[in-house]
>>> print(open('my_file-v5.pdb').read())   # PDB, C-alpha atoms, pLDDT in the B column
ATOM      1  CA  MET A   1      -6.600  33.149 -25.201  1.00 46.00           C
ATOM      2  CA  SER A   2      -9.299  31.693 -27.410  1.00 49.00           C
ATOM      3  CA  GLU A   3      -6.641  30.081 -29.598  1.00 52.00           C
ATOM      4  CA  GLU A   4      -5.208  28.128 -26.643  1.00 51.00           C
ATOM      5  CA  GLU A   5      -8.511  26.563 -25.575  1.00 52.00           C
ATOM      6  CA  PRO A   6      -8.932  24.301 -28.649  1.00 53.00           C
ATOM      7  CA  GLN A   7      -5.357  23.044 -28.168  1.00 51.00           C
ATOM      8  CA  GLU A   8      -6.138  22.058 -24.562  1.00 52.00           C
ATOM      9  CA  GLN A   9      -9.331  20.332 -25.699  1.00 52.00           C
ATOM     10  CA  GLN A  10      -7.413  18.339 -28.280  1.00 53.00           C
ATOM     11  CA  ASP A  11      -4.856  17.303 -25.642  1.00 58.00           C
ATOM     12  CA  ASP A  12      -7.671  16.118 -23.382  1.00 64.00           C
ATOM     13  CA  GLU A  13      -9.062  13.954 -26.182  1.00 70.00           C
ATOM     14  CA  ASP A  14      -5.719  12.154 -26.572  1.00 77.00           C
ATOM     15  CA  LEU A  15      -5.443  11.542 -22.825  1.00 81.00           C
ATOM     16  CA  ARG A  16      -6.467   8.171 -21.386  1.00 81.00           C
ATOM     17  CA  TYR A  17      -7.570   8.882 -17.836  1.00 85.00           C
ATOM     18  CA  PHE A  18      -7.271   5.263 -16.723  1.00 86.00           C
ATOM     19  CA  VAL A  19      -4.637   2.769 -17.814  1.00 82.00           C
ATOM     20  CA  ARG A  20      -5.378  -0.803 -16.771  1.00 85.00           C
ATOM     21  CA  ILE A  21      -2.534  -3.120 -15.808  1.00 83.00           C
ATOM     22  CA  GLY A  22      -3.643  -6.513 -14.554  1.00 79.00           C
ATOM     23  CA  GLN A  23      -6.563  -5.855 -12.241  1.00 82.00           C
ATOM     24  CA  THR A  24      -5.490  -2.334 -11.304  1.00 85.00           C
ATOM     25  CA  ASP A  25      -6.569   0.970 -12.835  1.00 86.00           C
ATOM     26  CA  LEU A  26      -3.727   3.477 -12.899  1.00 87.00           C
ATOM     27  CA  ASP A  27      -4.146   7.247 -13.133  1.00 86.00           C
ATOM     28  CA  GLY A  28      -3.327   8.360 -16.685  1.00 84.00           C
ATOM     29  CA  THR A  29      -2.962  12.020 -15.747  1.00 89.00           C
ATOM     30  CA  LYS A  30       0.199  11.392 -13.703  1.00 90.00           C
ATOM     31  CA  SER A  31       3.717  10.604 -14.837  1.00 90.00           C
ATOM     32  CA  VAL A  32       4.691   7.044 -15.695  1.00 89.00           C
ATOM     33  CA  GLU A  33       6.825   6.620 -12.595  1.00 91.00           C
ATOM     34  CA  ARG A  34       4.225   8.035 -10.218  1.00 92.00           C
ATOM     35  CA  SER A  35       1.271   6.104 -11.625  1.00 91.00           C
ATOM     36  CA  LEU A  36       3.213   2.810 -11.629  1.00 90.00           C
ATOM     37  CA  SER A  37       4.247   3.336  -8.022  1.00 90.00           C
ATOM     38  CA  GLU A  38       0.559   3.453  -7.041  1.00 90.00           C
ATOM     39  CA  MET A  39       0.289  -0.281  -7.757  1.00 90.00           C
ATOM     40  CA  ASN A  40       0.766  -2.682  -4.863  1.00 90.00           C
ATOM     41  CA  GLY A  41       4.184  -4.291  -5.138  1.00 89.00           C
ATOM     42  CA  ILE A  42       5.752  -1.514  -7.218  1.00 91.00           C
ATOM     43  CA  GLY A  43       7.624   1.261  -5.485  1.00 91.00           C
ATOM     44  CA  ARG A  44       9.461   4.270  -6.849  1.00 92.00           C
ATOM     45  CA  ARG A  45      12.670   2.383  -7.610  1.00 92.00           C
ATOM     46  CA  THR A  46      10.829  -0.455  -9.326  1.00 91.00           C
ATOM     47  CA  ALA A  47       8.747   2.011 -11.344  1.00 92.00           C
ATOM     48  CA  ARG A  48      11.911   3.772 -12.475  1.00 93.00           C
ATOM     49  CA  LEU A  49      13.505   0.462 -13.529  1.00 91.00           C
ATOM     50  CA  ILE A  50      10.380  -0.579 -15.447  1.00 91.00           C
ATOM     51  CA  ALA A  51      10.243   2.755 -17.288  1.00 92.00           C
ATOM     52  CA  ASP A  52      13.923   2.477 -18.220  1.00 92.00           C
ATOM     53  CA  GLU A  53      13.533  -1.118 -19.433  1.00 90.00           C
ATOM     54  CA  ALA A  54      10.515  -0.156 -21.553  1.00 90.00           C
ATOM     55  CA  GLY A  55      12.395   2.795 -23.036  1.00 91.00           C
ATOM     56  CA  VAL A  56       9.841   5.332 -21.812  1.00 91.00           C
ATOM     57  CA  ASP A  57      10.526   8.760 -20.362  1.00 91.00           C
ATOM     58  CA  ARG A  58       9.519   8.324 -16.724  1.00 88.00           C
ATOM     59  CA  THR A  59       8.310  11.926 -16.457  1.00 91.00           C
ATOM     60  CA  ALA A  60       5.954  11.599 -19.445  1.00 90.00           C
ATOM     61  CA  THR A  61       2.228  11.580 -18.767  1.00 89.00           C
ATOM     62  CA  PHE A  62       1.108   7.951 -18.735  1.00 87.00           C
ATOM     63  CA  GLY A  63      -2.249   8.526 -20.437  1.00 85.00           C
ATOM     64  CA  ARG A  64      -0.701  10.369 -23.397  1.00 88.00           C
ATOM     65  CA  LEU A  65       1.517   7.464 -24.442  1.00 87.00           C
ATOM     66  CA  ASP A  66       0.687   5.387 -27.517  1.00 87.00           C
ATOM     67  CA  ASP A  67      -1.055   2.043 -27.064  1.00 87.00           C
ATOM     68  CA  ASP A  68       1.972   0.040 -28.174  1.00 90.00           C
ATOM     69  CA  VAL A  69       4.202   1.884 -25.689  1.00 90.00           C
ATOM     70  CA  ILE A  70       1.697   1.188 -22.924  1.00 89.00           C
ATOM     71  CA  GLU A  71       1.714  -2.481 -23.951  1.00 90.00           C
ATOM     72  CA  THR A  72       5.506  -2.603 -23.593  1.00 92.00           C
ATOM     73  CA  VAL A  73       5.181  -1.095 -20.109  1.00 90.00           C
ATOM     74  CA  VAL A  74       2.545  -3.722 -19.218  1.00 90.00           C
ATOM     75  CA  GLU A  75       4.831  -6.496 -20.476  1.00 91.00           C
ATOM     76  CA  GLN A  76       7.728  -5.121 -18.434  1.00 90.00           C
ATOM     77  CA  VAL A  77       5.543  -5.055 -15.323  1.00 89.00           C
ATOM     78  CA  GLU A  78       4.427  -8.658 -15.851  1.00 88.00           C
ATOM     79  CA  ASN A  79       7.954  -9.917 -16.608  1.00 87.00           C
ATOM     80  CA  TYR A  80       9.713  -7.828 -13.966  1.00 87.00           C
ATOM     81  CA  ALA A  81      10.952 -10.802 -11.913  1.00 84.00           C
ATOM     82  CA  ASP A  82      12.736 -12.244 -14.960  1.00 85.00           C
ATOM     83  CA  GLU A  83      14.625  -9.001 -15.671  1.00 84.00           C
ATOM     84  CA  VAL A  84      15.988  -8.182 -12.205  1.00 86.00           C
ATOM     85  CA  PRO A  85      18.267 -10.018  -9.753  1.00 88.00           C
ATOM     86  CA  GLU A  86      16.624 -12.280  -7.185  1.00 88.00           C
ATOM     87  CA  TRP A  87      17.335  -9.975  -4.261  1.00 90.00           C
ATOM     88  CA  LEU A  88      15.185  -7.258  -5.855  1.00 87.00           C
ATOM     89  CA  ALA A  89      12.047  -9.416  -6.186  1.00 87.00           C
ATOM     90  CA  ASN A  90       9.471  -9.217  -3.405  1.00 87.00           C
ATOM     91  CA  ARG A  91       8.804 -12.981  -3.141  1.00 87.00           C
ATOM     92  CA  GLN A  92      12.029 -14.944  -2.900  1.00 87.00           C
ATOM     93  CA  SER A  93      11.940 -18.743  -2.692  1.00 86.00           C
ATOM     94  CA  ASP A  94       8.210 -19.311  -2.362  1.00 85.00           C
ATOM     95  CA  PHE A  95       7.260 -21.794   0.382  1.00 86.00           C
ATOM     96  CA  TYR A  96       5.418 -24.180  -1.927  1.00 86.00           C
ATOM     97  CA  THR A  97       7.269 -23.886  -5.247  1.00 88.00           C
ATOM     98  CA  GLY A  98      10.671 -22.510  -4.243  1.00 89.00           C
ATOM     99  CA  GLU A  99      10.570 -20.030  -7.128  1.00 89.00           C
ATOM    100  CA  THR A 100      11.421 -16.355  -6.989  1.00 87.00           C
ATOM    101  CA  THR A 101       8.620 -14.123  -8.264  1.00 87.00           C
ATOM    102  CA  HIS A 102       7.573 -10.519  -8.018  1.00 87.00           C
ATOM    103  CA  GLU A 103       3.917 -10.249  -6.994  1.00 89.00           C
ATOM    104  CA  ILE A 104       1.900  -7.149  -7.901  1.00 88.00           C
ATOM    105  CA  GLY A 105      -1.646  -5.941  -7.327  1.00 86.00           C
ATOM    106  CA  ASN A 106      -4.173  -8.311  -5.800  1.00 87.00           C
ATOM    107  CA  ASP A 107      -1.803 -11.274  -6.125  1.00 88.00           C
ATOM    108  CA  LEU A 108       0.473  -9.654  -3.549  1.00 89.00           C
ATOM    109  CA  GLN A 109      -2.385  -9.246  -1.077  1.00 91.00           C
ATOM    110  CA  LEU A 110      -3.563 -12.822  -1.616  1.00 92.00           C
ATOM    111  CA  THR A 111      -0.127 -14.366  -1.124  1.00 91.00           C
ATOM    112  CA  ARG A 112       0.471 -12.268   1.986  1.00 92.00           C
ATOM    113  CA  GLN A 113      -2.876 -13.397   3.414  1.00 94.00           C
ATOM    114  CA  HIS A 114      -2.086 -17.052   2.587  1.00 93.00           C
ATOM    115  CA  ASP A 115       1.263 -16.741   4.355  1.00 92.00           C
ATOM    116  CA  ILE A 116      -0.365 -15.273   7.461  1.00 94.00           C
ATOM    117  CA  ASN A 117      -3.030 -18.007   7.487  1.00 95.00           C
ATOM    118  CA  ARG A 118      -0.322 -20.682   7.118  1.00 94.00           C
ATOM    119  CA  MET A 119       1.567 -19.211  10.077  1.00 93.00           C
ATOM    120  CA  LYS A 120      -1.642 -19.224  12.123  1.00 94.00           C
ATOM    121  CA  MET A 121      -2.420 -22.843  11.209  1.00 95.00           C
ATOM    122  CA  ILE A 122       1.005 -24.198  12.131  1.00 95.00           C
ATOM    123  CA  ASP A 123       0.893 -22.048  15.280  1.00 92.00           C
ATOM    124  CA  SER A 124       4.293 -20.479  14.817  1.00 94.00           C
ATOM    125  CA  TYR A 125       5.317 -17.601  17.046  1.00 94.00           C
ATOM    126  CA  LYS A 126       4.433 -15.046  14.379  1.00 93.00           C
ATOM    127  CA  GLY A 127       1.150 -16.851  13.715  1.00 93.00           C
ATOM    128  CA  SER A 128       0.163 -16.777  17.368  1.00 92.00           C
ATOM    129  CA  ARG A 129       0.943 -13.044  17.502  1.00 91.00           C
ATOM    130  CA  HIS A 130      -1.250 -12.540  14.412  1.00 92.00           C
ATOM    131  CA  LYS A 131      -4.069 -14.501  16.069  1.00 91.00           C
ATOM    132  CA  ARG A 132      -3.954 -12.346  19.186  1.00 88.00           C
ATOM    133  CA  GLY A 133      -3.694  -9.127  17.201  1.00 88.00           C
ATOM    134  CA  GLN A 134      -0.386  -8.184  18.789  1.00 87.00           C
ATOM    135  CA  LYS A 135       2.728  -6.804  17.164  1.00 89.00           C
ATOM    136  CA  VAL A 136       4.617  -9.431  15.202  1.00 90.00           C
ATOM    137  CA  ARG A 137       8.070  -8.066  14.440  1.00 89.00           C
ATOM    138  CA  GLY A 138       9.509  -7.653  17.923  1.00 88.00           C
ATOM    139  CA  GLN A 139       8.324  -4.134  18.661  1.00 88.00           C
ATOM    140  CA  ARG A 140       7.787  -3.064  22.249  1.00 88.00           C
ATOM    141  CA  THR A 141       4.250  -3.410  23.548  1.00 85.00           C
ATOM    142  CA  LYS A 142       4.543  -2.058  27.074  1.00 84.00           C
ATOM    143  CA  SER A 143       3.378   1.425  26.199  1.00 82.00           C
ATOM    144  CA  THR A 144       2.451   1.407  22.496  1.00 82.00           C
ATOM    145  CA  GLY A 145      -0.088  -0.392  20.350  1.00 77.00           C
ATOM    146  CA  ARG A 146      -2.904  -0.123  22.846  1.00 77.00           C
ATOM    147  CA  THR A 147      -6.336  -0.481  21.332  1.00 72.00           C
ATOM    148  CA  GLU A 148      -8.386   1.106  24.111  1.00 64.00           C
ATOM    149  CA  GLY A 149      -7.612   4.673  23.132  1.00 60.00           C
ATOM    150  CA  THR A 150      -7.142   5.959  26.695  1.00 59.00           C
ATOM    151  CA  ILE A 151      -3.666   7.310  27.167  1.00 62.00           C
ATOM    152  CA  GLY A 152      -2.547   8.322  30.611  1.00 68.00           C
ATOM    153  CA  VAL A 153      -4.873   9.506  33.366  1.00 74.00           C
ATOM    154  CA  ASN A 154      -7.902  11.644  32.605  1.00 78.00           C
ATOM    155  CA  VAL A 155      -7.752  14.150  35.476  1.00 81.00           C
ATOM    156  CA  GLU A 156     -10.984  15.928  34.537  1.00 84.00           C
ATOM    157  CA  GLU A 157     -13.065  12.768  34.859  1.00 85.00           C
ATOM    158  CA  ILE A 158     -11.530  11.996  38.243  1.00 86.00           C
ATOM    159  CA  ARG A 159     -12.304  15.510  39.519  1.00 88.00           C
ATOM    160  CA  GLU A 160     -15.888  15.272  38.225  1.00 89.00           C
ATOM    161  CA  GLU A 161     -16.366  11.928  39.971  1.00 89.00           C
ATOM    162  CA  GLN A 162     -14.930  13.337  43.219  1.00 89.00           C
ATOM    163  CA  ALA A 163     -17.216  16.360  42.968  1.00 91.00           C
ATOM    164  CA  GLU A 164     -20.253  14.098  42.415  1.00 90.00           C
ATOM    165  CA  GLU A 165     -19.275  11.926  45.383  1.00 89.00           C
ATOM    166  CA  ALA A 166     -18.800  15.006  47.590  1.00 89.00           C
ATOM    167  CA  ALA A 167     -22.197  16.376  46.510  1.00 89.00           C
ATOM    168  CA  ALA A 168     -23.828  13.001  47.241  1.00 87.00           C
ATOM    169  CA  GLU A 169     -22.221  12.902  50.726  1.00 84.00           C
ATOM    170  CA  GLU A 170     -23.442  16.437  51.502  1.00 83.00           C
ATOM    171  CA  GLU A 171     -26.993  15.471  50.541  1.00 81.00           C
ATOM    172  CA  ASP A 172     -26.763  12.382  52.765  1.00 79.00           C
ATOM    173  CA  ASP A 173     -25.504  14.521  55.687  1.00 75.00           C
ATOM    174  CA  GLU A 174     -28.432  16.917  55.409  1.00 68.00           C
TER
END
>>> encode(input="my_file-v5.pdb", output="structure tokens")
Amino acid sequence: MSEEEPQEQQDDEDLRYFVRIGQTDLDGTKSVERSLSEMNGIGRRTARLIADEAGVDRTATFGRLDDDVIETVVEQVENYADEVPEWLANRQSDFYTGETTHEIGNDLQLTRQHDINRMKMIDSYKGSRHKRGQKVRGQRTKSTGRTEGTIGVNVEEIREEQAEEAAAEEEDDE
């Protein structure tokens, strides 16, 4: 047992707990595929494609990889839109530039917020739904999406109110 402990300590020294890609810190203790899929804009399929393009075993621990291998993974993430067909990118034909890109991390959140603000400013149907805080994609709103939190009839409160009213009437009668 005592012989195994120094080996584990040495493995922990080689492990990078955080791997930074762009503005996102990824967990180095997880596999390459799983840690890449934690980034915004990269799902499981995209993470698998990136690992294959970089020539990395997708089940390998991300923090144990060499620095040059991690750099190739970072380059593949940044150049993902150039390597895949247009239908696989998450931002096809941008409104302003017309280009097809694949946004990741904070850039994805910023572009999504800009799109929502543009829809609100031009007062499109989706923009007006965003303004009112209602559902945007055609879901039903008759019985779902209520913000009040009361669902159905609260029978106990009604009985308590009736009991209080009856007690108040009895006191008035006396």
>>> resolve_selection(input="my_file-v5.pdb", expression="the PyMOL selection byres ((chain A and resi 45-50) around 12)", output="PyMOL selection string")
chain A and resi 31-44+51-59+70+72-84+88-90+102+104
>>> axis_aligned_box(input="my_file-v5.pdb", around="stretch 73-79 of chain A", padding_each_side="4 Å", output="AutoDock Vina command-line options")
--center_x 5.2 --center_y -5.5 --center_z -17.9 --size_x 13.4 --size_y 16.8 --size_z 13.2
>>> atom_distance(input="my_file-v5.pdb", atom1="atom CA of A:Lys131", atom2="atom CA of A:Met119")
9.5 Å
>>> atom_distance(input="my_file-v5.pdb", atom1="atom CA of A:Glu103", atom2="atom CA of A:Val19")
19.0 Å
>>> resolve_selection(input="my_file-v5.pdb", expression="the PyMOL selection byres ((chain A and resi 18) around 8)", output="number ranges by chain")
A: 16-17, 19-20, 25-28, 63
>>> closest_residue(input="my_file-v5.pdb", among="A:His130, A:Lys30, A:Arg64, A:Arg159", to="A:Ile116", atoms="only C-alpha atoms")
A:His130
>>> atom_distance(input="my_file-v5.pdb", atom1="atom CA of A:Phe62", atom2="atom CA of A:Asn106")
21.4 Å
>>> residues_around(input="my_file-v5.pdb", residues="A:Gly145", least_positions_apart="4", cutoff="9 Å", atoms="all atoms listed in the file", output="MDAnalysis selection string")
chainID A and resid 134:135 140:141
>>> closest_residue(input="my_file-v5.pdb", among="A:Leu15, A:Thr97, A:Glu161, A:Asp172", to="A:Asp66", atoms="all atoms listed in the file")
A:Leu15
>>> closest_residue(input="my_file-v5.pdb", among="A:Arg91, A:Asn154, A:Ile122, A:Arg146", to="A:Leu108", atoms="only C-alpha atoms")
A:Arg91
